[in-house]
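S.K.: What follows is a structure written as structure tokens; I'll ask about it next.
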Amino acid sequence: MRSTISGYTALPKAHKFSAAGLVTVAGAAALTFALVPQASAADAGSSVGVKPVAQSAQEFGATHDAELAKATDAAAAKAGADAKAATQTAAKAEADAERANRSTERKALKPAPAAKPAAPAKKTYADNLDGWIKESLDVLQAKGIPASYEGIKRNIMRESTGNPRAINDWDINAVNGVPSKGLLQIIDPTFKAYHVEGTSWDIYDPVANITASCNYAADKYGSMDNVNSAY
């Protein structure tokens with residue numbers, strides 16, 4: 001039956017059911033849309049706080065291989081440097097050992113310095129007439145002055161009887177103020193003139209007295225051996 005109300009057209013029953021179904025579907029869709037949070041336009045266009053997507057398996061593998069190769073190269077370089085340092089150390093040790101061996105060989109080949117001859121022991125003489133004559137003879141021989149043990153002793157016994165402190169206070173020399181003195185009775189001026197280097201300057205010293213007297217006798221008579229009286 002049609003409605004008599006102006007401007008209103010009644011829907012058939014079947015159309016009514018269709019409209020009711022559309023309303024129900026629309027309401028459900030609206031409810032679903034209301035329950036799901038809507039992303040703002042800012043969130044949709046912004047990347048803040050979002051981590052990048054992981055690399056692909058192929059890219060990850062390539063990066064891993066590069067890092068592994070780099071680490072391997074570094075380890076190989078360090079091993080090479082260590083081996084070079086060890087080689088240099090060994091070479092230095094070998095060179096040092098070789099130098100030490102050469103030094104030892106040179107020392108072994110170098111002849112040892114000859115030992116200096118020991119200084120001859122100083123000759124000693126008895127402190128008596130025999131010792132005085134012998135010591136004087138060694139000095140005379142070193143100076144090239146002729147004399148003999150017998151000639152010296154013979155003249156000593158005649159002049160002083162072996163007394164080194166003997167002095168003549170009565171002859172002409174004594175009268176003139178220069179008395180004869182010592183074993184061979186020599187006066188001071190003659191002693192000083194014929195003194196032999198290396199002996200004492202004391203006219204009463206036995207060795208000095210004998211040596212100066214023999215030097216004088218050698219000059220005047222050729223040797224004390226040629227003197228048989230006052231001279």
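To be explicit about the labels: the chains of the structure tokens are called A, B, and onward in the order shown, and within each one the residues are counted from 1, while ligands get numbers from 1 in the order they are shown.
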Taking the chain letters and numbering used in this document, name the residues of range 59-225 of chain A that DSSP puts in alpha helix (DSSP H), as a PyMOL selection string.

M.R.: chain A and resi 59-109+129-143+149-159+172-175+188-193+206-221

S.K.: Rounded to one decimal place, report the CA of Glu150 in chain A-CA of Trp170 in chain A distance in Å.

M.R.: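 Atom-to-atom, CA of Glu150 in chain A and CA of Trp170 in chain A are spaced 28.1 Å apart.
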
S.K.: Quick one, how far is CA of Lys134 in chain A from CA of Asn226 in chain A?

M.R.: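 A separation of 18.8 Å between them.
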
S.K.: To one decimal place in Å, what is the distance between CA of Val196 in chain A and CA of Thr211 in chain A?

M.R.: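 Atom-to-atom, CA of Val196 in chain A and CA of Thr211 in chain A are spaced 6.6 Å apart.
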
S.K.: Could you list, as a PyMOL selection string, every residue within 12 Å of range 183-189 of chain A, counting only C-alpha atoms and ignoring same-chain residues fewer than 2 positions away?

M.R.: chain A and resi 128-129+132-133+151-169+171-174+176-181+191-195+201-217+224+227+229-231
